[in-house]
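Participant: Provided below: run25.tsv, containing TSV, C-alpha atoms.
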```tsv
chain	number	residue	atom	x	y	z
A	1	MET	CA	21.36	-6.25	-2.57
A	2	ARG	CA	24.42	-4.96	-0.67
A	3	ILE	CA	27.72	-6.47	-1.82
A	4	LEU	CA	31.26	-6.19	-0.41
A	5	ILE	CA	34.03	-6.69	-3.00
A	6	VAL	CA	37.49	-7.42	-1.57
A	7	ASP	CA	40.56	-7.62	-3.83
A	8	ASP	CA	43.99	-5.98	-3.69
A	9	SER	CA	43.92	-5.38	-7.47
A	10	SER	CA	41.89	-2.29	-8.34
A	11	THR	CA	41.38	-3.73	-11.84
A	12	MET	CA	39.85	-6.91	-10.43
A	13	ARG	CA	37.56	-4.88	-8.15
A	14	ARG	CA	36.36	-2.95	-11.18
A	15	ILE	CA	35.85	-6.12	-13.24
A	16	ILE	CA	33.80	-7.73	-10.47
A	17	GLY	CA	31.94	-4.46	-9.86
A	18	ASN	CA	31.09	-4.30	-13.54
A	19	VAL	CA	29.57	-7.79	-13.53
A	20	VAL	CA	27.64	-6.96	-10.39
A	21	GLN	CA	26.29	-3.83	-12.08
A	22	GLN	CA	25.26	-5.92	-15.10
A	23	LEU	CA	23.18	-7.95	-12.63
A	24	GLY	CA	21.30	-4.77	-11.82
A	25	VAL	CA	23.03	-3.83	-8.57
A	26	PRO	CA	23.59	-0.05	-8.59
A	27	LYS	CA	27.11	1.23	-7.90
A	28	GLU	CA	26.10	2.77	-4.58
A	29	ASP	CA	25.00	-0.66	-3.33
A	30	PHE	CA	28.42	-2.21	-3.32
A	31	ASP	CA	31.55	-1.36	-1.34
A	32	GLU	CA	35.16	-2.12	-2.19
A	33	ALA	CA	38.12	-3.00	0.01
A	34	GLU	CA	41.77	-3.54	-0.96
A	35	ASP	CA	42.59	-5.99	1.83
A	36	GLY	CA	41.07	-8.01	4.66
A	37	VAL	CA	41.67	-5.32	7.27
A	38	VAL	CA	39.70	-2.66	5.36
A	39	ALA	CA	37.02	-5.23	4.50
A	40	TRP	CA	36.61	-6.32	8.12
A	41	LYS	CA	36.24	-2.68	9.19
A	42	LEU	CA	33.59	-2.08	6.52
A	43	PHE	CA	31.83	-5.29	7.53
A	44	GLN	CA	31.68	-4.19	11.16
A	45	ASP	CA	30.65	-0.61	10.34
A	46	ASN	CA	27.86	-1.59	7.89
A	47	ASN	CA	26.78	-5.03	8.96
A	48	ASN	CA	24.18	-5.26	6.22
A	49	TYR	CA	25.93	-7.01	3.36
A	50	ASP	CA	24.00	-9.66	1.47
A	51	VAL	CA	27.10	-11.14	-0.17
A	52	VAL	CA	30.88	-10.90	0.34
A	53	LEU	CA	33.13	-11.53	-2.70
A	54	THR	CA	36.74	-11.88	-1.63
A	55	ASP	CA	40.15	-12.62	-3.13
A	56	TRP	CA	42.55	-14.95	-1.27
A	57	ASN	CA	46.07	-13.49	-1.59
A	58	MET	CA	46.09	-9.95	-0.24
A	59	PRO	CA	48.42	-7.92	1.98
A	60	ASN	CA	47.76	-7.19	5.67
A	61	MET	CA	44.93	-9.72	6.09
A	62	ASN	CA	44.36	-12.38	3.43
A	63	GLY	CA	40.99	-13.63	2.22
A	64	LEU	CA	41.09	-16.85	4.23
A	65	GLU	CA	41.69	-14.93	7.47
A	66	LEU	CA	38.88	-12.55	6.53
A	67	VAL	CA	36.49	-15.49	5.98
A	68	LYS	CA	37.39	-16.98	9.37
A	69	THR	CA	37.02	-13.56	11.06
A	70	ILE	CA	33.59	-12.99	9.51
A	71	ARG	CA	32.43	-16.53	10.27
A	72	ALA	CA	33.32	-16.04	13.93
A	73	VAL	CA	30.55	-13.45	14.17
A	74	ASP	CA	28.28	-14.18	11.21
A	75	LYS	CA	27.48	-17.72	10.09
A	76	LYS	CA	24.90	-16.73	7.50
A	77	VAL	CA	26.25	-14.08	5.12
A	78	PRO	CA	27.15	-15.79	1.81
A	79	ILE	CA	30.87	-15.56	0.99
A	80	VAL	CA	32.35	-16.31	-2.43
A	81	MET	CA	36.12	-16.70	-2.80
A	82	ILE	CA	37.37	-15.38	-6.18
A	83	THR	CA	41.04	-16.25	-6.52
A	84	THR	CA	43.90	-17.48	-8.71
A	85	GLU	CA	44.46	-20.34	-6.23
A	86	GLY	CA	43.20	-23.28	-8.26
A	87	GLY	CA	44.52	-26.20	-6.21
A	88	LYS	CA	42.18	-28.81	-4.74
A	89	GLY	CA	43.78	-28.35	-1.32
A	90	GLU	CA	43.09	-24.61	-1.40
A	91	VAL	CA	39.44	-25.12	-2.40
A	92	ILE	CA	38.94	-27.56	0.49
A	93	THR	CA	40.72	-25.23	2.92
A	94	ALA	CA	38.47	-22.35	1.85
A	95	LEU	CA	35.32	-24.46	2.15
A	96	LYS	CA	36.34	-25.59	5.61
A	97	ALA	CA	36.96	-21.95	6.59
A	98	GLY	CA	33.35	-21.20	5.66
A	99	VAL	CA	33.10	-19.96	2.08
A	100	ASN	CA	29.85	-20.81	0.33
A	101	ASN	CA	31.28	-20.86	-3.16
A	102	TYR	CA	34.59	-20.68	-4.97
A	103	ILE	CA	35.58	-19.17	-8.33
A	104	VAL	CA	39.00	-19.55	-9.96
A	105	LYS	CA	40.40	-16.62	-11.96
A	106	PRO	CA	40.07	-16.04	-14.84
A	107	PHE	CA	36.30	-16.43	-14.71
A	108	SER	CA	33.54	-15.45	-17.09
A	109	ALA	CA	30.86	-12.96	-16.14
A	110	GLU	CA	28.33	-15.78	-16.61
A	111	ILE	CA	29.94	-17.91	-13.88
A	112	LEU	CA	29.82	-15.06	-11.35
A	113	LYS	CA	26.21	-14.28	-12.33
A	114	GLU	CA	25.22	-17.93	-11.85
A	115	LYS	CA	26.90	-18.17	-8.46
A	116	LEU	CA	25.39	-14.90	-7.25
A	117	ASP	CA	21.94	-15.87	-8.50
A	118	GLY	CA	22.28	-19.22	-6.72
A	119	LEU	CA	23.27	-17.56	-3.44
A	120	VAL	CA	20.54	-14.96	-3.58
A	121	LYS	CA	17.81	-17.45	-4.49
A	122	GLY	CA	19.16	-20.16	-2.18
B	1	MET	CA	47.31	-28.56	-10.07
B	2	SER	CA	44.52	-26.19	-11.06
B	3	MET	CA	40.90	-27.18	-10.77
B	4	SER	CA	38.19	-26.61	-13.33
B	5	GLN	CA	34.90	-24.99	-12.34
B	6	GLU	CA	33.15	-28.39	-12.73
B	7	GLU	CA	35.60	-30.02	-10.31
B	8	ILE	CA	35.00	-27.21	-7.83
B	9	GLU	CA	31.26	-27.75	-8.14
B	10	ALA	CA	31.79	-31.46	-7.45
B	11	LEU	CA	33.85	-30.55	-4.40
B	12	MET	CA	31.22	-28.09	-3.19
B	13	SER	CA	28.59	-30.82	-3.19
B	14	GLY	CA	30.81	-33.28	-1.34
B	15	ALA	CA	32.47	-30.80	1.00
B	16	ASP	CA	30.93	-32.26	4.16
B	17	ASP	CA	32.66	-35.63	3.70
B	18	ILE	CA	36.15	-34.17	3.53
B	19	GLN	CA	38.59	-35.32	6.20
B	20	VAL	CA	41.22	-33.00	7.65
B	21	ASP	CA	43.98	-35.55	6.91
B	22	ASP	CA	43.07	-35.45	3.23
B	23	VAL	CA	43.40	-31.71	3.23
B	24	GLU	CA	46.87	-31.77	4.72
B	25	GLU	CA	48.02	-34.51	2.37
B	26	GLU	CA	46.65	-32.76	-0.71
B	27	THR	CA	47.96	-29.36	0.35
B	28	SER	CA	51.43	-30.75	0.90
B	29	GLU	CA	51.39	-32.49	-2.47
B	30	ASP	CA	50.19	-29.32	-4.18
B	31	GLU	CA	52.88	-27.26	-2.50
B	32	THR	CA	55.58	-29.66	-3.74
B	33	LEU	CA	54.23	-29.62	-7.28
B	34	GLU	CA	53.87	-25.85	-7.16
B	35	ALA	CA	57.47	-25.43	-5.97
B	36	VAL	CA	58.71	-27.60	-8.86
B	37	ALA	CA	56.60	-25.61	-11.31
B	38	VAL	CA	58.00	-22.33	-9.98
B	39	GLU	CA	61.57	-23.59	-10.38
B	40	GLU	CA	60.88	-24.67	-13.94
B	41	GLU	CA	59.34	-21.31	-14.80
B	42	ALA	CA	62.22	-19.40	-13.26
B	43	ILE	CA	64.82	-21.49	-15.12
B	44	GLU	CA	63.24	-20.94	-18.53
B	45	GLU	CA	65.75	-19.15	-20.71
B	46	ILE	CA	64.79	-16.10	-22.71
B	47	ASN	CA	66.67	-15.06	-25.79
B	48	VAL	CA	66.43	-11.29	-25.50
B	49	ASP	CA	68.10	-10.64	-28.84
B	50	GLU	CA	65.49	-12.73	-30.69
B	51	ILE	CA	62.66	-10.95	-28.90
B	52	LEU	CA	64.14	-7.51	-29.66
B	53	ALA	CA	64.70	-8.47	-33.32
B	54	GLY	CA	60.97	-9.20	-33.61
B	55	ILE	CA	59.87	-5.80	-32.34
B	56	ASP	CA	59.55	-2.91	-34.77
B	57	GLY	CA	61.41	0.21	-33.82
B	58	ILE	CA	64.02	-1.53	-31.66
B	59	VAL	CA	67.47	-0.83	-33.02
B	60	ASP	CA	70.88	-2.02	-32.02
B	61	ASP	CA	72.41	0.55	-29.69
B	62	GLU	CA	75.86	0.26	-31.18
B	63	GLU	CA	74.68	0.67	-34.79
B	64	GLU	CA	71.95	3.26	-34.65
B	65	ILE	CA	72.31	5.64	-31.74
B	66	GLU	CA	72.93	9.13	-33.00
B	67	GLU	CA	75.33	11.25	-31.14
B	68	ILE	CA	73.52	13.95	-29.19
B	69	ASN	CA	75.28	17.12	-28.26
B	70	VAL	CA	73.85	17.84	-24.80
B	71	ASP	CA	75.53	21.26	-24.65
B	72	ASP	CA	73.73	22.40	-27.82
B	73	ILE	CA	70.37	21.27	-26.38
B	74	LEU	CA	70.98	22.98	-23.04
B	75	ALA	CA	72.09	26.19	-24.79
B	76	GLY	CA	68.71	26.32	-26.52
B	77	ILE	CA	66.77	26.23	-23.21
B	78	ASP	CA	66.26	29.49	-21.33
B	79	GLY	CA	67.31	29.57	-17.71
B	80	ILE	CA	69.80	26.71	-17.88
B	81	VAL	CA	73.18	27.77	-16.51
B	82	ASP	CA	76.30	25.79	-15.77
B	83	ASP	CA	76.88	25.28	-12.04
B	84	GLU	CA	80.57	25.28	-12.60
B	85	PRO	CA	82.62	25.31	-15.74
B	86	VAL	CA	83.72	21.84	-16.85
B	87	THR	CA	86.90	21.63	-18.81
B	88	ALA	CA	87.06	19.67	-22.01
B	89	THR	CA	89.60	17.28	-20.47
B	90	GLU	CA	87.38	16.51	-17.43
B	91	SER	CA	84.35	15.91	-19.62
B	92	SER	CA	86.35	13.66	-21.93
B	93	ASN	CA	87.73	11.63	-18.98
B	94	VAL	CA	84.26	11.05	-17.52
B	95	SER	CA	82.79	9.87	-20.83
B	96	GLU	CA	85.78	7.59	-21.38
B	97	GLU	CA	85.26	6.05	-17.93
B	98	ILE	CA	81.55	5.52	-18.58
B	99	SER	CA	82.25	4.04	-21.99
B	100	GLU	CA	84.87	1.70	-20.51
B	101	MET	CA	82.46	0.56	-17.76
B	102	GLU	CA	79.66	-0.03	-20.27
B	103	GLN	CA	81.99	-2.07	-22.45
B	104	LYS	CA	83.01	-4.23	-19.48
B	105	ILE	CA	79.36	-4.75	-18.48
B	106	ASN	CA	78.45	-5.73	-22.06
B	107	ASN	CA	81.31	-8.23	-22.13
B	108	ASN	CA	80.18	-9.75	-18.80
B	109	GLN	CA	83.45	-8.68	-17.22
B	110	TYR	CA	81.92	-6.34	-14.71
B	111	PRO	CA	78.94	-6.92	-12.49
B	112	LEU	CA	76.16	-4.34	-12.61
B	113	PRO	CA	76.50	-1.85	-9.77
B	114	VAL	CA	74.22	-2.70	-6.82
B	115	SER	CA	71.92	0.28	-7.27
B	116	ASP	CA	68.16	0.31	-6.67
B	117	GLU	CA	67.49	0.33	-10.40
B	118	ASN	CA	69.56	-2.84	-10.91
B	119	LYS	CA	68.08	-4.86	-8.05
B	120	VAL	CA	65.96	-7.58	-9.65
B	121	VAL	CA	63.17	-7.57	-7.06
B	122	ASN	CA	62.91	-3.77	-7.30
B	123	GLN	CA	62.66	-3.97	-11.08
B	124	LEU	CA	59.96	-6.63	-10.92
B	125	ASN	CA	58.09	-4.58	-8.33
B	126	GLU	CA	58.20	-1.57	-10.63
B	127	VAL	CA	56.89	-3.66	-13.55
B	128	ALA	CA	54.00	-4.97	-11.40
B	129	ASP	CA	53.08	-1.47	-10.14
B	130	ASP	CA	53.36	0.12	-13.57
B	131	SER	CA	51.25	-2.65	-15.08
B	132	GLU	CA	48.55	-2.11	-12.43
B	133	GLU	CA	48.46	1.61	-13.16
B	134	LYS	CA	48.23	1.11	-16.93
B	135	ALA	CA	45.56	-1.59	-16.54
B	136	SER	CA	43.50	0.87	-14.53
B	137	GLN	CA	43.86	3.44	-17.33
B	138	ILE	CA	42.79	0.87	-19.94
B	139	PHE	CA	39.76	0.10	-17.78
B	140	ASP	CA	38.93	3.84	-17.70
B	141	VAL	CA	38.93	3.85	-21.51
B	142	LEU	CA	36.69	0.76	-21.70
B	143	SER	CA	34.31	2.23	-19.12
B	144	PHE	CA	34.16	5.45	-21.14
B	145	ILE	CA	33.20	3.49	-24.27
B	146	LEU	CA	30.44	1.68	-22.33
B	147	ASP	CA	29.09	4.97	-20.96
B	148	GLU	CA	29.12	6.58	-24.40
B	149	ASN	CA	27.39	3.51	-25.89
B	150	ALA	CA	24.71	3.79	-23.22
B	151	ASP	CA	24.08	7.39	-24.33
B	152	ILE	CA	24.03	6.37	-28.00
B	153	SER	CA	21.47	3.63	-27.20
B	154	LYS	CA	19.32	6.13	-25.29
B	155	TYR	CA	19.34	8.73	-28.10
B	156	ASN	CA	18.73	6.01	-30.69
B	157	LYS	CA	15.71	4.76	-28.76
B	158	ASN	CA	14.29	8.31	-28.51
B	159	MET	CA	14.69	8.78	-32.26
B	160	ALA	CA	13.19	5.36	-33.03
B	161	ASP	CA	10.17	6.14	-30.82
B	162	PHE	CA	9.61	9.42	-32.66
B	163	ILE	CA	10.05	7.88	-36.11
B	164	GLU	CA	7.64	5.07	-35.21
B	165	LYS	CA	4.96	7.61	-34.28
B	166	GLN	CA	5.63	9.48	-37.54
B	167	ALA	CA	5.35	6.21	-39.46
B	168	THR	CA	1.97	5.47	-37.84
B	169	LEU	CA	0.78	8.97	-38.75
B	170	LEU	CA	2.07	8.65	-42.33
B	171	GLU	CA	0.42	5.26	-42.67
B	172	SER	CA	-2.98	6.74	-41.73
B	173	LEU	CA	-2.42	9.67	-44.08
B	174	SER	CA	-1.37	7.44	-46.97
B	175	VAL	CA	-4.50	5.30	-46.48
B	176	LYS	CA	-6.71	8.38	-46.27
B	177	PHE	CA	-5.00	10.18	-49.18
B	178	PRO	CA	-3.76	7.44	-51.48
B	179	ASN	CA	-3.21	9.92	-54.32
B	180	VAL	CA	-0.75	12.03	-52.33
B	181	ASN	CA	2.57	10.38	-53.11
B	182	VAL	CA	4.57	12.32	-50.53
B	183	PHE	CA	2.86	10.42	-47.67
B	184	THR	CA	3.70	7.04	-49.17
B	185	GLU	CA	7.28	8.09	-49.93
B	186	ASN	CA	7.86	9.45	-46.42
B	187	LEU	CA	6.31	6.34	-44.93
B	188	GLU	CA	8.86	4.22	-46.82
B	189	ASN	CA	11.67	6.53	-45.62
B	190	ALA	CA	10.45	6.28	-42.02
B	191	LYS	CA	10.39	2.46	-42.22
B	192	GLU	CA	13.91	2.48	-43.64
B	193	LEU	CA	15.10	4.72	-40.79
B	194	LEU	CA	13.49	2.37	-38.26
B	195	ASP	CA	15.40	-0.55	-39.78
B	196	GLN	CA	18.63	1.45	-39.57
B	197	SER	CA	17.87	2.32	-35.96
B	198	LYS	CA	17.45	-1.39	-35.14
B	199	GLU	CA	20.73	-2.13	-36.91
B	200	LEU	CA	22.48	0.63	-34.96
B	201	SER	CA	21.08	-0.78	-31.72
B	202	SER	CA	22.35	-4.28	-32.48
B	203	LYS	CA	25.78	-2.89	-33.48
B	204	VAL	CA	26.03	-1.03	-30.15
B	205	ASP	CA	25.03	-4.22	-28.29
B	206	ALA	CA	27.70	-6.20	-30.15
B	207	GLU	CA	30.27	-3.52	-29.33
B	208	ASN	CA	29.28	-3.61	-25.65
B	209	ASN	CA	29.73	-7.39	-25.62
B	210	LYS	CA	33.22	-6.98	-27.05
B	211	VAL	CA	34.04	-4.39	-24.38
B	212	PHE	CA	32.79	-6.76	-21.65
B	213	GLU	CA	34.94	-9.48	-23.24
B	214	ALA	CA	37.97	-7.16	-23.09
B	215	MET	CA	37.20	-6.38	-19.44
B	216	GLU	CA	37.09	-10.11	-18.67
B	217	LEU	CA	40.42	-10.63	-20.40
B	218	MET	CA	41.94	-7.94	-18.18
B	219	GLN	CA	41.84	-10.51	-15.37
B	220	TYR	CA	45.06	-11.82	-16.90
B	221	HIS	CA	46.72	-8.64	-15.72
B	222	ASP	CA	46.00	-9.68	-12.12
B	223	ILE	CA	47.06	-13.27	-12.82
B	224	ASN	CA	50.33	-12.13	-14.44
B	225	ARG	CA	50.99	-9.73	-11.57
B	226	GLN	CA	50.65	-12.65	-9.16
B	227	LYS	CA	53.06	-14.70	-11.30
B	228	ILE	CA	55.58	-11.84	-11.07
B	229	GLU	CA	55.04	-11.73	-7.30
B	230	ARG	CA	55.71	-15.48	-7.14
B	231	VAL	CA	59.03	-15.01	-9.00
B	232	MET	CA	59.88	-12.16	-6.60
B	233	ALA	CA	59.20	-14.44	-3.64
B	234	VAL	CA	61.48	-17.15	-5.09
B	235	ILE	CA	64.28	-14.62	-5.69
B	236	LYS	CA	63.93	-13.25	-2.14
B	237	LYS	CA	64.10	-16.76	-0.66
B	238	LEU	CA	67.06	-17.66	-2.88
B	239	SER	CA	68.85	-14.46	-1.88
B	240	SER	CA	68.23	-15.16	1.79
B	241	TYR	CA	69.46	-18.75	1.35
B	242	LEU	CA	72.62	-17.67	-0.50
B	243	ASN	CA	73.31	-14.98	2.10
B	244	GLY	CA	72.98	-17.61	4.79
B	245	ILE	CA	75.22	-20.15	3.10
B	246	PHE	CA	77.96	-17.65	2.21
B	247	GLU	CA	77.81	-15.74	5.47
B	248	ASP	CA	81.19	-15.57	7.23
B	249	GLU	CA	80.75	-15.40	10.97
B	250	SER	CA	84.45	-15.78	11.79
B	251	ASP	CA	86.35	-12.65	12.83
B	252	LYS	CA	89.38	-13.49	10.72
B	253	PRO	CA	90.63	-10.54	8.67
B	254	GLU	CA	90.35	-10.78	4.92
B	255	VAL	CA	93.35	-12.71	3.59
B	256	GLN	CA	95.41	-11.60	0.65
B	257	ILE	CA	94.85	-14.08	-2.15
B	258	ALA	CA	97.45	-15.47	-4.57
B	259	LYS	CA	96.96	-14.38	-8.16
B	260	HIS	CA	98.78	-17.27	-9.88
B	261	ILE	CA	99.15	-20.72	-8.33
B	262	SER	CA	100.86	-23.80	-9.73
B	263	GLY	CA	98.26	-25.80	-11.61
B	264	ASP	CA	96.54	-22.73	-13.06
B	265	SER	CA	96.19	-23.04	-16.82
B	266	SER	CA	98.07	-19.90	-17.90
B	267	ASP	CA	100.51	-17.21	-16.90
B	268	ILE	CA	102.60	-19.56	-14.76
B	269	VAL	CA	106.35	-19.13	-15.16
B	270	ASP	CA	108.61	-22.17	-15.19
B	271	ASP	CA	112.28	-22.39	-14.13
B	272	THR	CA	113.52	-21.38	-17.59
B	273	ASP	CA	111.33	-18.25	-17.57
B	274	ILE	CA	112.60	-17.33	-14.14
B	275	GLU	CA	116.23	-17.81	-15.11
B	276	SER	CA	115.71	-15.79	-18.25
B	277	LEU	CA	114.04	-12.97	-16.33
B	278	ILE	CA	116.82	-12.93	-13.72
B	279	SER	CA	119.51	-12.75	-16.38
B	280	GLU	CA	117.59	-10.00	-18.15
B	281	PHE	CA	117.41	-7.92	-14.99
B	282	SER	CA	121.07	-8.59	-14.21
B	283	ASN	CA	121.98	-6.89	-17.45
```
The structure in this file should be written as structure tokens.
Facilitator:
Amino acid sequence: MRILIVDDSSTMRRIIGNVVQQLGVPKEDFDEAEDGVVAWKLFQDNNNYDVVLTDWNMPNMNGLELVKTIRAVDKKVPIVMITTEGGKGEVITALKAGVNNYIVKPFSAEILKEKLDGLVKG
Amino acid sequence: MSMSQEEIEALMSGADDIQVDDVEEETSEDETLEAVAVEEEAIEEINVDEILAGIDGIVDDEEEIEEINVDDILAGIDGIVDDEPVTATESSNVSEEISEMEQKINNNQYPLPVSDENKVVNQLNEVADDSEEKASQIFDVLSFILDENADISKYNKNMADFIEKQATLLESLSVKFPNVNVFTENLENAKELLDQSKELSSKVDAENNKVFEAMELMQYHDINRQKIERVMAVIKKLSSYLNGIFEDESDKPEVQIAKHISGDSSDIVDDTDIESLISEFSN
């Protein structure tokens, strides 16, 4: 399973990467990006991701813009927004932009595992 | 207004029925609430003295700072030479000026100089960056512990496998030679070692769980960084607003202002004072 992890905090990328590794995904099977611009480039260069996990607030290109950009070319790839934005309005905005699931920070490893399992099986 | 994971799940299932108008209304309401929350957070007063009093090792500058003779320290380091000789009078004047400025700053009589290190947004930025760097280092340490634990588990499993085979062998030998006590004794020892190996394995698992827990808690670093960034954004907006409201676009030259005006509470002379001063100067 190829996963793209997008977050401007290197600590958050490592935390998410760690959970993903606990799920049995080897380190070489996931890529990391510190903003939407880098993520979009990686997405175009290796268009073989099974899941995209993205933060919302990031410099250069935020997560919402990234979701809209990806959805313009790919309607299928599952996208999970992992963010501190916990408002109802933000969740709805993200869903309308095309995210498949939404996780509010701080989250437990179990929550991320459940959501990833659901996306992969679904 | 933060949503729980259950509420998000409920939203996910009903996402198709959502109207755009609802989104705009909710977003606007959230933004208003968020703005109020930010103001309340920013206004919260912090008693620095109380915080410092609670931290070991923090001492009052005025009471505890030992005098350090910089010249003695420099003299002890090879290769340090004076660029130009400084006279005792010059040095004394500079330290007096610094001391006077510090005293004025401490008494709130003197604003802090507008240097990069005193700019609030710069300071907050530095705190956020430094925190990110340290969090990364902490993560390195936790990752190291996990890697080492993985090795310990691997070695433990190898040893347990070997001991188990030895135990099977000793069991056969003790059945075949019931009169040879050494087989029975070693079999007991091997079983004890296997129990210890299982205990070690469960201890390593428990330690790994604690490390994962610590890694999860490190998300608060990211959350706190974003809170700092929110305060920075408020300060920047406030600064821009104040600059706008106090901006003087007229080309009038700066006027000389009166120091004492009638109605001021002190230092205003009355007629008697003036007469007295005049007569004094006449003499």
Participant: Of the candidates B:Asn108, B:Gln226, B:Thr184, B:Asn118, which shows the shortest atom-to-atom distance to chain A, using all atoms listed in the file?
Facilitator: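 Among the listed residues, the smallest separation from chain A belongs to B:Gln226.
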Participant: So that I can see what lies close to Ile79 in chain A, please list as a PyMOL selection string the residues with an atom at most 7 Å from it, counting all atoms listed in the file and leaving out residues fewer than 4 positions away in the same chain.
Facilitator: chain A and resi 51-53+99-101
Participant: Do me a favour and pick out the residues of chain A within 8 Å of chain B, using only C-alpha atoms, as a PyMOL selection string.
Facilitator: chain A and resi 9-12+15+84-93+95-96+101-109
Participant: Find the spatial neighbours of Val25 in chain A, counting only C-alpha atoms, within a cut-off of 12 Å - ignore same-chain residues fewer than 3 positions away - and output them as a list in words.
Facilitator: Met1, Arg2, Ile3, Leu4, Ile16, Gly17, Asn18, Val19, Val20, Gln21, Gln22, Glu28, Asp29, Phe30, Asp31, Asp50, Val51, Lys113 and Leu116 of chain A
Participant: Between CA of Glu229 in chain B and CA of Leu42 in chain A, what distance in Å does the model show, to one decimal?
Facilitator: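 Atom-to-atom, CA of Glu229 in chain B and CA of Leu42 in chain A are spaced 27.3 Å apart.
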Participant: Could you tell me how far CA of Val127 in chain B lies from CA of Arg230 in chain B, in Å and to one decimal?
Facilitator: 13.5 Å
Participant: Restricting the calculation to all atoms listed in the file, which member of A:Ile5, A:Leu23, A:Met58, A:Val120 is positioned closest to Gly36 in chain A?
Facilitator: A:Met58
Participant: What is the distance between CA of Glu207 in chain B and CA of Glu32 in chain A, in Å to one decimal?
Facilitator: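 Straight-line distance from CA of Glu207 in chain B to CA of Glu32 in chain A works out to 27.6 Å.
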Participant: Considering all atoms listed in the file, state which residue in the set B:Gln123, B:Asn156, B:Asn179, B:Ser172 is at the smallest distance from Lys198 in chain B.
Facilitator: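 Result for the nearest residue to Lys198 in chain B: B:Asn156.
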